[in-house]
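Engineer: Please find one structure pasted underneath; my questions will follow.
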Amino acid sequence: MTHISVTVDGTTYEDDVEPRLLLVHYLRDRLGLTGTPVGCDTSNCGACTVEMDGASVKSCTVLAVQADGSEVTTVQGLARDGAWTPLQRAFHEHHALQCGYCTPGMIMAARDLLRENPHPTAEEVRAGLEGNLCRCTGYQNIVRAVLAAAEQSAAPAPAAPAQEVTA
Amino acid sequence: MTDQAVEREVGRARLRKEDARLVTGQTMWTDNITVPGLLHLAFLRSPMAHARVERIDVSPALRRPGVVAAFSGRDLADGLGSLPCAWPVTEDMVLPAHPPLAVDEVRHAGDPVAVVVARDRYAAADALEAIEVDYEPLPPVMDLEAALAEDAPLVHSDKGTNRAYVWPFEAGEDYETVRQRADVVLTRRYEQQRLIPNAMEPRAVVVTPLAASGEYTVYSATQIPHILRVMLSTVTGVPEHKLRVVAPDVGGGFGSKLQVYGEEAVALAVARKLGRPVKWTESRSEGYLATHHGRGMIQDIEIAATREGKLLGLKVDLLADMGAYLMLVTPGVPILGAFMYPAIYKMDAYAFTCTGVFTTKTPTDAYRGAGRPEATYAIERIMDELAAELGLDPVELRRRNWIRHEEFPYTSIAGLTYDSGNYEAATDKALALFGYDALRAEQRERIERGDRVLLGIGVSTYTEMCGLAPSRVLRDLRYSAGGWEAASIRMLPTGKVEVVTGTSPHGQGHVTSWSQIAADVLGVPFEDVEVVHGDTQAAPQGMDTYGSRSLVVGGAAVHRAAQKVVDKARKVAAHLLEAGEDDLEFKGGVFSVKGSPEARKTIQEVAFATFTSHDVPDGMEPTLNAEHVLDPENFSYPHGTHLCAVEVDTETGHTRIRSYVCVDDVGRVVNPMIVEGQVHGGLAQGIAQALYEEAVYDAEGNLVSGTMADYLVPSAADLPEFVTDRTETPATSNPLGVKGVGEAGTIASTPAVVNAIVDALRPLGVRDVRMPCTPERVWQAIRAARKEAAA
């Protein structure tokens with residue numbers, strides 16, 4: 001067992017873990033943060049994408065011990081006081097999810113993409129999300145959503161409503 | 001609340017109620033579920049395609065840390081029956097036993113032989129290596145035609161044959177006679193490669209027992225909680241009323257979760273044996289072996305026509321790969337296709353035969369479209385070949401043969417009565433959006449100037465039968481269940497509404513669409529409707545979600561149940577207003593007396609009145625609820641025209657989809673945003689079959705494309721932007737006028753893409769490219785055609 005200290009979505013956790021424990025299983029099985037799902041075992045699908053120290057990682061290919069001392073953000077840590085981020089809102093408004101299983105990873109990967117390239121073209125969004133698979137949407141609305149979120153982030157921030165659930 | 005505000009829910013692009021938890025990670029996937037004392041299962045699977053299990057010893061696994069129990073197939077055989085096949089397509093179909101854990105023989109790579117039960121998933125997985133198994137290899141059975149040879153090795157030696165069934169079907173005039181009078185007869189062979197469905201959520205199951213009373217709750221990543229309940233009861237002997245099945249949030253299915261799986265039965269059996277809750281979640285690579293595959297057919301198709309391009313007859317001989325066992329609807333999948341080969345075309349004779357063949361591969365079963373994409377592919381491919389043979393434009397050939405809009409309702413040669421459609425309108429709209437004539441001109445220019453990148457245009461004018469299904473038709477097809485759907489509606493004392501549906505959504509947005517339907521009929525706000533589903537305790541009756549049935553059967557049931565609520569409410573309102581029922585108007589959720597609009601009761605007031613029941617008509621039952629179980633009168637027949645333009649690099653074989661236009665007619669639309677999303681997703685999967693995906697086995701029966709790294713599920717970078725549009729010809733077979741949409745995109749798109757590739761390469765002499773049309777296959781096809789031309 002190895003002792004680790006990891007900050008996840010703003011809370012610091014101290015745990016003893018097996019060195020082989022995957023970060024995604026640490027999040028899900030030890031911390032109960034099940035918002036981050038597992039979609040494959042070869043790091044192809046990207047469903048488990050989280051942010052670690054400011055960069056997106058596939059949490060199935062990171063060991064929990066490698067996250068020692070790190071700050072991790074999952075999809076569950078994005079909304080603040082119930083207000084969604086522009087990407088979460090855009091995914092909802094552009095119907096960029098159906099079953100929603102890929103959505104946490106897709107949103108986290110899109111965050112990373114927009115951080116590196118705040119004004120991407122549609123082609124750049126497609127290339128940038130190549131590591132995240134969706135089986136429901138055909139990606140078209142995901143691309144629309146990411147472009148819309150980019151536009152919204154570029155515009156002066158509107159007063160955020162407390163919560164946006166329906167139209 | 002004005003009348004207009006509530007009347008327009010149907011047809012409106014309502015954002016989804018489902019999204020809030022999905023974009024914030026507050027989901028309840030089956031693998032998220034945990035309970036105190038939960039144990040984890042891991043399955044040991046055969047590394048061989050075919051072998052006798054000479055000896056198996058699970059006891060060494062018991063000595064591993066954290067292991068609670070381990071069982072072989074024999075250990076569990078007493079409490080577990082054969083996994084079910086609900087579709088014995090012929091009276092004499094060969095139905096082999098399918099034990100949830102193999103006992104004496106394994107018949108495909110991945111066939112499970114033992115299960116370990118441990119305190120966590122890592123311990124369970126570790127202990128698998130300790131189990132000792134001696135396999136005596138048996139010959140694999142891989143090739144469909146070779147499997148039918150006299151001396152072929154057998155998948156099920158006790159059955160004496162690899163032929164599961166032969167299903168013949170003839171309609172119209174005698175095909176051979178009709179063929180005699182044809183000017184042109186074309187024969188082609190097309191192959192439907194095996195596909196792996198790849199729902200993003202892997203399968204998972206959790207079983208929690210209440211040992212004292214013999215009750216069990218089964219949480220499963222399934223499309224079919226209701227069917228699963230019946231079937232698990234049959235397989236395990238747990239009485240049906242002691243079983244509760246819950247489909248929590250389910251991450252996609254595409255047919256792969258329309259199944260009763262061995263792991264579900266084993267999890268229940270183990271939970272019963274140990275009196276402890278258990279969980280199993282497949283890994284993706286495990287799922288590639290253990291979750292059923294789709295497609296897997298060889299299609300010999302012959303078309304007979306006049307010189308003018310009038311179709312006379314069609315003959316189809318199908319070999320369908322069943323895989324190692326007949327699962328829930330394995331044998332029926334190609335039979336669903338049988339009725340679709342004639343598609344939208346008129347002809348005089350149709351002859352069809354399907355032979356189901358056992359192989360030592362993962363069983364096949366429903367995958368998005370299930371039989372209909374295969375049929376549509378073959379007919380739409382050979383229509384293009386016929387057009388080329390006759391020197392006709394492929395759209396023109398279709399025009400000369402399709403059912404004209406004024407001919408509906410039309411009974412196809414296969415005996416289906418297409419209730420409505422307008423192929424001319426959809427095609428005209430698609431051609432205009434696509435810029436068909438300009439693209440044809442560019443195609444000619446490129447050929448003339450000897451461009452290495454050729455342009456190809458692919459056409460697919462499809463219809464399909466979905467909305468499964470009228471129960472009596474299912475009886476005639478020897479399917480073991482009905483095709484109805486249940487809905488019930490409860491108006492709560494506060495005027496809010498609960499809709500209980502028997503459909504089981506896993507991405508389709510039923511909560512949103514059913515809310516729209518109920519809100520319109522009841523005249524209540526969209527936000528006031530909640531939809532309950534996917535739990536046999538909360539939604540006790542249902543036939544679940546598959547075959548593009550949910551809206552046309554389940555949504556229509558919601559509509560009818562809501563009307564029944566209004567009917568009862570009208571009686572109460574009349575009583576309260578001291579008016580005759582016939583004197584009441586109901587609009588926008590308000591009953592008012594004709595001519596004196598101030599005399600009014602809202603439906604919410606009526607709901608409260610029925611709750612207190614202080615003053616309802618004599619003899620009336622309290623509360624404002626209604627149920628409706630709807631058996632559809634017909635299938636649903638969406639249709640449309642899909643056009644694909646590809647650029648094929650003749651030196652590298654690389655294909656780029658330049659534009660993709662589809663105009664679908666799915667009747668009246670409840671939520672256009674959701675409909676468009678269904679079309680997008682369908683297109684992606686159909687295009688993936690054309691260009692990217694294939695489950696590849698080697699000669700020994702190993703699944704070579706055994707991980708997501710080896711099987712190309714397309715990413716955003718691999719797919720084009722789609723142009724989608726609609727025409728709207730209401731269905732006449734249901735009161736909403738709706739048609740199914742879930743599978744349409746998949747059914748239509750595969751032939752559109754391959755037709756485009758072949759169209760590009762036809763000047764070089766290419767007449768076909770086997771799917772998936774990888775750069776290598778395209779390049780080989782070009783090379784072979786050039787060699788042939790030079791010879």
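Residues in the structure tokens are numbered from 1 in each chain, the chains being A, B, ... in the order shown, and ligands are numbered from 1 in the order shown.
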Do a neighbour search on Asn132 of chain A at 12 Å with only C-alpha atoms, toss out local chain neighbours closer than 2 positions, and write the hits as a ChimeraX atom specification.
Structural biologist: /A:38-40,43-50,56-58,101-110,113,125-130,134-135,139,142 /B:200,708,713-718
Engineer: Write out as a PyMOL selection string each polymer residue whose atoms come within 10 Å of Glu215 of chain B, counting only C-alpha atoms; drop sequence neighbours fewer than 6 positions from it.
Structural biologist: chain B and resi 208-209+238-244+272
Engineer: Can I get the selection written as a compact mmCIF listing (two decimals), in the first residue's frame, with N, CA and C atoms?
Structural biologist:
# COMPACT_ATOMS: atom_id res chain seq x y z
N THR B 208 -29.15 -7.92 -5.77
CA THR B 208 -29.24 -7.85 -4.31
C THR B 208 -30.34 -8.78 -3.85
N PRO B 209 -29.98 -9.76 -3.01
CA PRO B 209 -30.99 -10.72 -2.54
C PRO B 209 -31.59 -10.33 -1.20
N VAL B 238 -36.39 -18.72 -10.12
CA VAL B 238 -36.90 -17.76 -9.14
C VAL B 238 -38.26 -17.29 -9.65
N PRO B 239 -39.31 -17.43 -8.84
CA PRO B 239 -40.64 -17.06 -9.36
C PRO B 239 -40.66 -15.60 -9.82
N GLU B 240 -41.39 -15.36 -10.88
CA GLU B 240 -41.37 -14.02 -11.49
C GLU B 240 -41.77 -12.93 -10.50
N HIS B 241 -42.74 -13.23 -9.64
CA HIS B 241 -43.19 -12.18 -8.72
C HIS B 241 -42.20 -11.92 -7.60
N LYS B 242 -41.15 -12.72 -7.52
CA LYS B 242 -40.10 -12.48 -6.52
C LYS B 242 -38.90 -11.76 -7.15
N LEU B 243 -39.03 -11.42 -8.39
CA LEU B 243 -37.93 -10.77 -9.11
C LEU B 243 -38.31 -9.34 -9.44
N ARG B 244 -37.44 -8.43 -9.12
CA ARG B 244 -37.60 -7.05 -9.58
C ARG B 244 -36.40 -6.75 -10.47
N ARG B 272 -28.18 -16.00 -5.09
CA ARG B 272 -29.10 -16.91 -4.42
C ARG B 272 -28.33 -17.94 -3.59
Engineer: Mind running chain B against chain A at 6 Å and telling me each contacting residue's nearest atom pair with the distance in Å (one decimal), counting only C-alpha atoms, chain and number ascending, as a tab-separated table?
Structural biologist:
residue	atom	partner	partner_atom	distance
B:Leu15	CA	A:Ala167	CA	5.6
B:Ala20	CA	A:Val165	CA	5.9
B:Leu22	CA	A:Gly100	CA	5.5
B:Val23	CA	A:Gln88	CA	5.8
B:Thr24	CA	A:Gln76	CA	5.5
B:Gly25	CA	A:Gly35	CA	3.8
B:Gln26	CA	A:Gly35	CA	5.8
B:Asn32	CA	A:Thr34	CA	5.9
B:Met200	CA	A:Gly39	CA	5.7
B:Glu201	CA	A:Gly39	CA	5.8
B:Gly251	CA	A:Cys99	CA	4.9
B:Gly252	CA	A:Cys99	CA	5.4
B:Arg284	CA	A:Cys40	CA	4.7
B:His506	CA	A:Cys99	CA	5.6
B:Gly507	CA	A:Cys99	CA	3.5
B:Gly677	CA	A:Thr137	CA	5.9
B:His680	CA	A:Gly138	CA	5.1
B:Gly681	CA	A:Gly138	CA	4.4
B:Ala684	CA	A:Gly138	CA	4.9
B:Ser715	CA	A:Glu130	CA	5.4
B:Ala716	CA	A:Arg126	CA	4.8
B:Ala717	CA	A:Arg126	CA	4.7
Engineer: Please produce a file of those selected residues containing C-alpha atoms, as a compact mmCIF listing (two decimals), in the first residue's frame.
Structural biologist:
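New file again_28.txt:
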# COMPACT_ATOMS: atom_id res chain seq x y z
CA LEU B 15 -34.43 20.49 -24.56
CA ALA B 20 -29.22 17.63 -16.16
CA LEU B 22 -25.86 13.44 -17.45
CA VAL B 23 -23.84 16.65 -17.95
CA THR B 24 -23.09 16.92 -14.24
CA GLY B 25 -22.12 13.32 -13.57
CA GLN B 26 -25.02 12.57 -11.24
CA ASN B 32 -22.14 2.84 -9.91
CA MET B 200 -20.40 3.10 -24.75
CA GLU B 201 -21.49 1.69 -21.43
CA GLY B 251 -25.54 3.94 -21.67
CA GLY B 252 -26.69 2.95 -25.12
CA ARG B 284 -14.55 -3.68 -23.12
CA HIS B 506 -31.18 4.29 -22.89
CA GLY B 507 -30.43 7.53 -24.70
CA GLY B 677 -30.05 13.35 -33.16
CA HIS B 680 -27.13 11.59 -36.92
CA GLY B 681 -26.30 8.63 -34.72
CA ALA B 684 -22.62 7.33 -38.04
CA SER B 715 -14.27 9.31 -33.92
CA ALA B 716 -15.39 12.83 -34.75
CA ALA B 717 -12.39 13.10 -37.05
Engineer: Would you please extract all strand (DSSP E or B) residues from segment 10-63 of chain A, as assigned by DSSP on the backbone, and give them as a JSON list (two decimals) with N, CA and C atoms, in the first residue's frame?
Structural biologist:
[["chain", "number", "residue", "atom", "x", "y", "z"],
["A", 11, "THR", "N", -11.66, 18.91, -2.81],
["A", 11, "THR", "CA", -11.52, 18.25, -1.50],
["A", 11, "THR", "C", -10.24, 17.41, -1.51],
["A", 12, "THR", "N", -9.47, 17.50, -0.42],
["A", 12, "THR", "CA", -8.23, 16.72, -0.36],
["A", 12, "THR", "C", -8.50, 15.41, 0.38],
["A", 13, "TYR", "N", -8.05, 14.32, -0.26],
["A", 13, "TYR", "CA", -8.24, 12.98, 0.30],
["A", 13, "TYR", "C", -6.89, 12.37, 0.61],
["A", 14, "GLU", "N", -6.79, 11.68, 1.75],
["A", 14, "GLU", "CA", -5.57, 10.93, 2.11],
["A", 14, "GLU", "C", -5.98, 9.46, 2.12],
["A", 15, "ASP", "N", -5.24, 8.63, 1.39],
["A", 15, "ASP", "CA", -5.61, 7.22, 1.32],
["A", 15, "ASP", "C", -4.38, 6.34, 1.14],
["A", 16, "ASP", "N", -4.50, 5.11, 1.59],
["A", 16, "ASP", "CA", -3.50, 4.09, 1.27],
["A", 16, "ASP", "C", -4.07, 3.25, 0.13],
["A", 17, "VAL", "N", -3.31, 3.16, -0.94],
["A", 17, "VAL", "CA", -3.83, 2.44, -2.11],
["A", 17, "VAL", "C", -2.80, 1.43, -2.61],
["A", 22, "LEU", "N", -5.98, 1.89, -10.48],
["A", 22, "LEU", "CA", -6.15, 2.94, -11.50],
["A", 22, "LEU", "C", -6.82, 4.16, -10.87],
["A", 49, "THR", "N", -12.09, 10.58, -19.09],
["A", 49, "THR", "CA", -11.21, 11.75, -19.09],
["A", 49, "THR", "C", -11.50, 12.68, -17.92],
["A", 50, "VAL", "N", -10.43, 13.06, -17.21],
["A", 50, "VAL", "CA", -10.52, 14.05, -16.13],
["A", 50, "VAL", "C", -9.39, 15.04, -16.35],
["A", 51, "GLU", "N", -9.38, 16.06, -15.52],
["A", 51, "GLU", "CA", -8.30, 17.04, -15.60],
["A", 51, "GLU", "C", -7.36, 16.79, -14.42],
["A", 52, "MET", "N", -6.08, 16.69, -14.71],
["A", 52, "MET", "CA", -5.10, 16.52, -13.63],
["A", 52, "MET", "C", -4.05, 17.60, -13.77],
["A", 55, "ALA", "N", -4.24, 19.60, -17.10],
["A", 55, "ALA", "CA", -4.26, 18.96, -18.42],
["A", 55, "ALA", "C", -5.21, 17.77, -18.37],
["A", 56, "SER", "N", -5.85, 17.46, -19.50],
["A", 56, "SER", "CA", -6.77, 16.33, -19.49],
["A", 56, "SER", "C", -5.99, 15.03, -19.58],
["A", 57, "VAL", "N", -6.42, 14.06, -18.79],
["A", 57, "VAL", "CA", -5.83, 12.72, -18.82],
["A", 57, "VAL", "C", -6.96, 11.71, -18.87],
["A", 58, "LYS", "N", -6.65, 10.55, -19.41],
["A", 58, "LYS", "CA", -7.61, 9.45, -19.34],
["A", 58, "LYS", "C", -7.33, 8.73, -18.02],
["A", 63, "LEU", "N", -2.25, 5.81, -12.78],
["A", 63, "LEU", "CA", -2.38, 5.10, -11.51],
["A", 63, "LEU", "C", -2.72, 6.11, -10.43]]
Engineer: Show me, as a list of chain:residue names, the residues that have an atom within 7 Å of segment 730-738 of chain B when counting only C-alpha atoms, minus same-chain residues fewer than 5 positions from it.
Structural biologist: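 Counting only the stated atoms, we get B:Asp419, B:Ser420, B:Val552, B:Ala556, B:Glu633, B:Asn634, B:Val666, B:Gly667, B:Arg668, B:Val669.
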Engineer: Please report, as a list in words, each residue of segment 35-127 of chain A to which DSSP assigns alpha helix (DSSP H) when run on this structure's backbone.
Structural biologist: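 Selecting the alpha helix (DSSP H) positions of segment 35-127 of chain A gives Pro86, Leu87, Gln88, Arg89, Ala90, Phe91, His92, Glu93, Thr103, Pro104, Gly105, Met106, Ile107, Met108, Ala109, Ala110, Arg111, Asp112, Leu113, Leu114, Arg115, Glu116, Ala122, Glu123, Glu124, Val125, Arg126 and Ala127 of chain A.
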Engineer: With a distance cut-off of 6 Å and only C-alpha atoms, select the neighbouring residues of segment 510-517 of chain B, excluding the residue or stretch itself and same-chain residues fewer than 5 positions from it, and output the selection as a PyMOL selection string.
Structural biologist: chain B and resi 9-10+16-17+526+529+531
Engineer: Using only C-alpha atoms, which of B:Leu95, B:Leu228, B:Leu474, B:Leu455 sits nearest Thr330 of chain B?
Structural biologist: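 Under the stated criterion, the closest residue is B:Leu95.
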Engineer: Could you state the separation of atom CA of Leu147 of chain A and atom CA of Pro86 of chain A in Å, given to one decimal place?
Structural biologist: 10.7 Å
Engineer: Determine, counting only C-alpha atoms, which protein, DNA and RNA residues have an atom within 7 Å of an atom of segment 621-631 of chain B; residues of the same chain fewer than 6 positions away are not included. Present the result as a list in words.
Structural biologist: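 Final neighbour list, sorted by chain and number: Pro470, Ser471, Gly483, Trp484, Glu485, Ala486, Ala487, Ser488, Ile489, Arg490, Met491, Val553, Ala557, Arg560, Ala561, Lys564, Val565, Ala607, Thr610, Phe611 and Ser613 of chain B.
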